[in-house]
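Just structure-v2.cif here, mmCIF, C-alpha atoms:
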data_structure
#
loop_
_atom_site.label_atom_id
_atom_site.label_comp_id
_atom_site.auth_asym_id
_atom_site.auth_seq_id
_atom_site.Cartn_x
_atom_site.Cartn_y
_atom_site.Cartn_z
CA MET A 1 0.00 0.00 0.00
CA CYS A 2 2.83 2.39 0.87
CA ALA A 3 4.56 1.56 -2.40
CA PHE A 4 1.38 2.38 -4.33
CA LEU A 5 1.04 5.76 -2.62
CA LEU A 6 4.69 6.54 -3.34
CA ILE A 7 4.15 5.72 -7.03
CA ILE A 8 1.12 8.05 -7.20
CA LEU A 9 3.01 10.84 -5.43
CA ALA A 10 6.00 10.46 -7.78
CA ALA A 11 3.71 10.56 -10.81
CA ALA A 12 2.01 13.75 -9.53
CA LEU A 13 5.33 15.45 -8.92
CA SER A 14 6.54 14.42 -12.35
CA LEU A 15 3.45 15.86 -14.00
CA ASN A 16 3.85 19.10 -12.05
CA PHE A 17 7.51 19.34 -13.11
CA ILE A 18 6.64 18.67 -16.74
CA SER A 19 3.86 21.28 -16.70
CA LEU A 20 6.25 23.90 -15.35
CA ARG A 21 9.38 22.92 -17.31
CA TYR A 22 7.85 22.24 -20.70
CA ALA A 23 4.66 24.30 -20.55
CA ASP A 24 5.58 26.35 -23.60
CA ARG A 25 6.37 23.18 -25.66
CA ILE A 26 3.10 21.30 -25.09
CA ASP A 27 1.09 21.44 -28.32
CA ALA A 28 -1.81 19.12 -27.43
CA PRO A 29 -4.73 21.37 -26.42
CA VAL A 30 -6.31 18.80 -24.10
CA LEU A 31 -3.06 18.01 -22.31
CA ARG A 32 -2.18 21.71 -22.12
CA ALA A 33 -5.58 22.46 -20.59
CA ILE A 34 -5.08 19.74 -17.98
CA LEU A 35 -1.45 20.47 -17.08
CA VAL A 36 -0.78 24.13 -17.85
CA ASN A 37 -3.98 26.15 -17.43
CA PRO A 38 -4.31 25.60 -13.65
CA GLN A 39 -0.70 26.77 -13.17
CA GLU A 40 -1.22 29.83 -15.37
CA LYS A 41 -4.44 30.77 -13.58
CA ARG A 42 -2.78 30.44 -10.21
CA HIS A 43 0.19 32.52 -11.43
CA GLN A 44 -2.12 35.19 -12.85
CA LYS A 45 -4.11 35.31 -9.61
CA ILE A 46 -0.91 35.82 -7.60
CA GLN A 47 0.27 38.53 -10.02
CA THR A 48 -3.10 40.29 -9.84
CA HIS A 49 -3.04 40.19 -6.03
CA LEU A 50 0.51 41.59 -5.94
CA GLN A 51 -0.35 44.33 -8.44
CA ASP A 52 -3.42 45.34 -6.42
CA ASN A 53 -1.29 45.59 -3.28
CA LEU A 54 1.35 47.61 -5.14
CA ASN A 55 -1.30 49.97 -6.51
CA MET A 56 -2.70 50.44 -3.01
CA MET A 57 0.75 51.19 -1.56
CA ALA A 58 1.57 53.53 -4.45
CA SER A 59 -1.61 55.47 -3.74
CA LYS A 60 -0.74 55.62 -0.03
CA LEU A 61 2.79 56.74 -0.89
CA GLY A 62 1.42 59.52 -3.09
CA GLN A 63 -0.79 60.76 -0.26
CA MET A 64 2.17 60.72 2.14
CA GLN A 65 4.32 62.69 -0.31
CA ALA A 66 1.58 65.33 -0.55
CA GLN A 67 1.37 65.43 3.26
CA LEU A 68 5.13 65.90 3.50
CA LEU A 69 4.99 68.85 1.09
CA ARG A 70 2.30 70.48 3.26
CA LEU A 71 4.31 69.78 6.42
CA ASP A 72 7.43 71.31 4.85
CA ALA A 73 5.52 74.47 3.94
CA LEU A 74 3.90 74.61 7.38
CA GLY A 75 7.25 74.00 9.08
CA GLU A 76 8.91 76.83 7.17
CA ARG A 77 6.07 79.19 8.10
CA LEU A 78 6.22 78.19 11.77
CA ALA A 79 10.02 78.59 11.84
CA GLU A 80 9.69 82.05 10.31
CA SER A 81 6.91 83.03 12.73
CA SER A 82 8.90 81.93 15.77
CA GLY A 83 12.00 83.84 14.64
CA MET A 84 14.18 80.79 13.98
CA GLN A 85 17.04 81.12 11.53
CA SER A 86 16.79 79.13 8.30
CA ARG A 87 20.06 77.38 9.13
CA ASP A 88 18.56 76.01 12.35
CA PHE A 89 15.74 74.18 10.60
CA SER A 90 16.05 73.37 6.91
CA PHE A 91 13.05 71.88 5.14
CA LYS A 92 14.64 71.79 1.69
CA GLY A 93 16.46 68.45 2.03
CA ALA A 94 16.44 65.19 3.92
CA PRO A 95 18.04 65.15 7.40
CA GLY A 96 21.50 63.58 7.67
CA GLN A 97 21.70 59.95 8.75
CA GLY A 98 24.49 57.40 8.96
CA GLY A 99 26.32 54.78 11.00
CA ALA A 100 28.50 51.69 10.67
CA GLN A 101 27.19 48.75 8.63
CA ASN A 102 26.24 45.67 10.65
CA ASP A 103 25.42 42.64 8.55
CA LEU A 104 24.54 40.55 11.61
CA SER A 105 21.45 42.62 12.37
CA SER A 106 20.35 43.15 8.75
CA GLU A 107 17.05 41.53 7.79
CA GLU A 108 14.88 41.70 4.72
CA LEU A 109 11.45 43.24 5.29
CA SER A 110 8.52 41.03 4.37
CA PHE A 111 5.65 42.42 2.31
CA SER A 112 3.32 42.47 5.33
CA GLU A 113 5.97 44.16 7.52
CA PHE A 114 6.56 46.82 4.86
CA SER A 115 2.82 47.46 4.54
CA HIS A 116 2.54 47.74 8.33
CA LYS A 117 5.44 50.22 8.53
CA LEU A 118 3.91 52.28 5.73
CA GLN A 119 0.61 52.50 7.60
CA GLU A 120 2.41 53.47 10.83
CA LEU A 121 4.23 56.27 9.00
CA SER A 122 0.98 57.49 7.48
CA ASN A 123 -0.65 57.63 10.92
CA MET A 124 2.33 59.57 12.29
CA LEU A 125 2.11 62.08 9.44
CA ASN A 126 -1.59 62.63 10.12
CA GLU A 127 -0.90 63.19 13.82
CA ARG A 128 1.97 65.62 13.15
CA THR A 129 -0.13 67.52 10.61
CA ASP A 130 -2.94 68.00 13.14
CA LYS A 131 -0.59 69.15 15.91
CA LEU A 132 1.35 71.55 13.69
CA GLY A 133 -1.93 72.92 12.35
CA VAL A 134 -3.08 73.75 15.88
CA LEU A 135 0.30 75.35 16.66
CA ASP A 136 0.11 77.44 13.49
CA SER A 137 -3.37 78.66 14.45
CA LEU A 138 -2.16 79.64 17.92
CA LEU A 139 0.80 81.57 16.50
CA ARG A 140 -1.42 83.32 13.97
CA TYR A 141 -3.85 84.29 16.73
CA ASP A 142 -0.97 85.57 18.85
CA ARG A 143 0.33 87.73 16.00
CA ILE A 144 -3.13 89.15 15.27
CA THR A 145 -3.80 89.77 18.97
CA LYS A 146 -0.70 91.96 19.21
CA PHE A 147 -2.27 94.36 16.71
CA VAL A 148 -5.85 94.42 18.05
CA LEU A 149 -4.96 94.80 21.73
CA PRO A 150 -4.53 98.49 22.71
CA SER A 151 -0.87 98.27 23.68
CA GLU A 152 0.62 101.18 21.70
CA MET A 153 1.02 104.50 23.56
CA PRO A 154 -1.46 106.99 22.05
CA VAL A 155 0.93 109.94 22.56
CA GLU A 156 4.68 110.25 22.87
CA THR A 157 4.99 110.78 26.61
CA ASP A 158 5.95 108.65 29.57
CA TRP A 159 3.78 110.10 32.34
CA TYR A 160 0.13 110.67 33.25
CA SER A 161 -1.18 114.05 34.31
CA SER A 162 -4.09 112.21 35.89
CA GLY A 163 -4.35 108.47 36.52
CA TYR A 164 -7.13 105.90 36.43
CA GLY A 165 -9.45 105.58 39.42
CA TYR A 166 -10.78 107.87 42.12
CA ARG A 167 -9.47 111.45 42.19
CA ILE A 168 -10.54 114.97 43.12
CA ASP A 169 -12.53 116.34 40.17
CA PRO A 170 -10.74 119.52 38.96
CA PHE A 171 -14.08 121.27 38.28
CA THR A 172 -16.21 120.26 41.28
CA GLY A 173 -13.52 119.59 43.89
CA LYS A 174 -15.35 116.42 44.84
CA ARG A 175 -14.13 112.81 44.87
CA ALA A 176 -15.04 111.20 41.54
CA PHE A 177 -14.03 108.19 39.51
CA HIS A 178 -11.78 108.91 36.52
CA GLU A 179 -12.51 106.28 33.85
CA GLY A 180 -9.29 106.79 31.90
CA VAL A 181 -5.88 108.43 32.03
CA ASP A 182 -4.79 111.93 30.97
CA PHE A 183 -1.57 112.56 29.03
CA ALA A 184 -0.34 116.14 29.14
CA ALA A 185 0.96 117.26 25.72
CA GLU A 186 1.16 120.34 23.56
CA VAL A 187 -1.69 121.31 21.25
CA GLY A 188 -1.24 119.67 17.86
CA SER A 189 0.77 116.71 19.15
CA PRO A 190 -0.14 113.55 17.20
CA VAL A 191 -2.66 111.14 18.74
CA LYS A 192 -2.14 107.56 17.53
CA ALA A 193 -4.40 104.53 17.52
CA ALA A 194 -3.41 102.22 20.38
CA ALA A 195 -4.48 99.24 18.25
CA SER A 196 -5.97 98.44 14.87
CA GLY A 197 -9.72 98.62 14.49
CA VAL A 198 -12.74 100.42 13.08
CA VAL A 199 -13.78 103.98 13.96
CA ILE A 200 -17.24 103.89 15.57
CA TYR A 201 -17.36 107.52 16.74
CA SER A 202 -15.78 110.69 15.37
CA ASP A 203 -17.61 113.82 16.44
CA HIS A 204 -17.80 116.63 18.98
CA HIS A 205 -19.00 115.56 22.44
CA PRO A 206 -20.37 118.06 25.02
CA GLU A 207 -17.92 116.91 27.72
CA TYR A 208 -15.18 115.09 25.83
CA GLY A 209 -14.87 117.72 23.11
CA ASN A 210 -13.53 116.35 19.81
CA MET A 211 -13.59 112.61 20.42
CA VAL A 212 -12.72 109.45 18.49
CA GLU A 213 -13.67 105.89 19.46
CA ILE A 214 -12.20 102.76 17.86
CA ASP A 215 -13.71 99.28 18.06
CA HIS A 216 -11.05 96.52 18.21
CA GLY A 217 -13.42 93.55 18.33
CA ASP A 218 -14.47 91.35 21.26
CA ASP A 219 -16.33 94.34 22.76
CA LEU A 220 -13.03 96.21 23.27
CA VAL A 221 -13.12 99.97 22.53
CA THR A 222 -10.59 102.79 22.97
CA ARG A 223 -11.60 106.43 23.45
CA TYR A 224 -9.53 109.53 22.58
CA ALA A 225 -10.93 112.83 23.87
CA HIS A 226 -10.35 116.63 24.01
CA ALA A 227 -8.62 116.66 20.60
CA SER A 228 -8.07 119.88 18.70
CA LYS A 229 -8.57 118.08 15.40
CA ARG A 230 -10.05 114.73 14.32
CA LEU A 231 -8.34 113.07 11.33
CA VAL A 232 -10.51 109.97 10.82
CA SER A 233 -14.17 109.59 9.94
CA LEU A 234 -16.88 107.18 11.06
CA GLY A 235 -16.38 103.67 9.65
CA ALA A 236 -12.72 104.15 8.76
CA VAL A 237 -10.34 101.24 9.27
CA VAL A 238 -7.22 102.31 11.17
CA LEU A 239 -3.95 100.55 11.92
CA GLN A 240 -2.04 100.42 15.17
CA GLY A 241 0.15 103.52 15.47
CA GLN A 242 -1.79 105.47 12.81
CA LYS A 243 -2.35 109.16 13.49
CA ILE A 244 -6.06 109.69 14.16
CA ALA A 245 -6.18 113.12 15.85
CA GLU A 246 -4.20 115.96 17.40
CA VAL A 247 -4.00 116.88 21.08
CA GLY A 248 -6.21 119.79 22.12
CA ASN A 249 -8.15 121.45 24.91
CA THR A 250 -11.76 120.99 23.81
CA GLY A 251 -14.74 120.00 25.96
CA ARG A 252 -14.50 119.68 29.73
CA SER A 253 -10.75 120.25 30.01
CA THR A 254 -8.47 122.51 32.08
CA ALA A 255 -5.43 122.47 29.73
CA PRO A 256 -4.16 120.72 26.58
CA HIS A 257 -4.03 116.96 27.10
CA LEU A 258 -5.32 113.65 25.77
CA HIS A 259 -7.94 111.78 27.76
CA PHE A 260 -7.58 108.09 26.91
CA GLU A 261 -9.91 105.25 27.88
CA ILE A 262 -10.09 101.51 27.29
CA ARG A 263 -13.56 100.01 27.67
CA HIS A 264 -14.66 96.38 27.56
CA LYS A 265 -18.39 95.78 27.17
CA ASP A 266 -18.76 99.50 27.94
CA LYS A 267 -17.01 99.13 31.31
CA PRO A 268 -13.81 101.13 31.91
CA GLN A 269 -10.52 99.24 32.23
CA ASN A 270 -7.21 100.42 33.65
CA PRO A 271 -5.13 101.42 30.57
CA SER A 272 -1.85 100.73 32.40
CA LYS A 273 -2.65 97.00 32.17
CA PHE A 274 -2.60 97.24 28.38
CA LEU A 275 -0.18 99.96 27.35
CA LYS A 276 3.51 99.28 26.73
CA LYS A 277 5.50 101.90 28.58
CA PRO A 278 8.17 103.71 26.53
CA GLY A 279 11.83 103.02 26.98
#
Give the structure from this file in C-alpha cells form.
Amino acid sequence: MCAFLLIILAAALSLNFISLRYADRIDAPVLRAILVNPQEKRHQKIQTHLQDNLNMMASKLGQMQAQLLRLDALGERLAESSGMQSRDFSFKGAPGQGGAQNDLSSEELSFSEFSHKLQELSNMLNERTDKLGVLDSLLRYDRITKFVLPSEMPVETDWYSSGYGYRIDPFTGKRAFHEGVDFAAEVGSPVKAAASGVVIYSDHHPEYGNMVEIDHGDDLVTRYAHASKRLVSLGAVVLQGQKIAEVGNTGRSTAPHLHFEIRHKDKPQNPSKFLKKPG
C-alpha cells in the first residue's frame, strides 16, 4: 500500500515538473488544458493580487508625499513666525543619517511588515499635521492679537497728568471716579491709535470735546478725547500707530491733554494694564 502511494506521489510530482518545465512546448490542447492552465491561472491570480497591493501602496505613498509637502511648507512658516534662523531648521532636504554597517542585524522586510510600517508612518504624518496645524493657528492668533490689543502708547509721553481711578474732580472739587488716564501734551501733538480697528465715533461731544472711538473687536473699545482736530471719519479702518487726531483742549478740560480710555463691554478698564511703557 505504501509503495502504491509513493508511485502516485511520484507521478504527480513528475506531471507538475513537466507542466512547469515544458509548458511552452506542449502542443496538445487537451493536455495543455489539464497540465498548464491551472498553473497559469494560479500565477495570474498571484500577479493580480501583488499588483493590487502595489497599486494600493503607491496610492498611499502619493498621499504621504503630498502630506510631506504640506508639512514642509507649514514647518517653514512656523520657523519664520517663531524667529528661527533658516540654518537652524532646513526643510529643503532630507536630514543627515548614517552609522556603521552591521550585517549581523540586517534583515529583509517582508511584504506584510513593509505594509505595516507604511501605515504606521501614514498615521504619524496625520498626527503631526494636526498638531502643527493647531500650533500654526495659535501663533497666527498671537500675531493678530498683538495688533488688536490696545498696547501702543497713544501719545509720545511717559507720564500721566491724571491716573485711572478715584481722584478729586478739577471742576467740582469732589471725589469722583476717573474712567481713563490723561496725558499732558502740547496742542497739535499727534494722537495715535493704540491698536488696529474700526472707527465707531468721530464727532464733537459736550464733555469730551472732539472725540474718536475705535472698536477693536471682542467688545473692546478705545476712546480719545479733548482733541483739537479729528483726522478719521466714522467707519474708517485704522492701523495700530496710525495718526487719528491731534492733542487739544476741547470739551470739559483745564489744559491741553489727551484723555484716553479703554472700555470692555462699555465698562472702563485700567489702561496701564494694556499699554507698553516707553523706553
Please expand the PyMOL selection byres ((chain A and resi 243-252) around 6) into the concrete residues it hits in this file, giving the result as a count of residues only. 21
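Atom pair CA of Ala194 in chain A / CA of Glu152 in chain A has a distance of 4.4 Å (rounded to one decimal).
The interatomic distance for the pair CA of Leu234 in chain A and CA of Pro150 in chain A works out to 19.1 Å.
Distance-wise, CA of Met56 in chain A and CA of Ala73 in chain A end up 26.3 Å apart.
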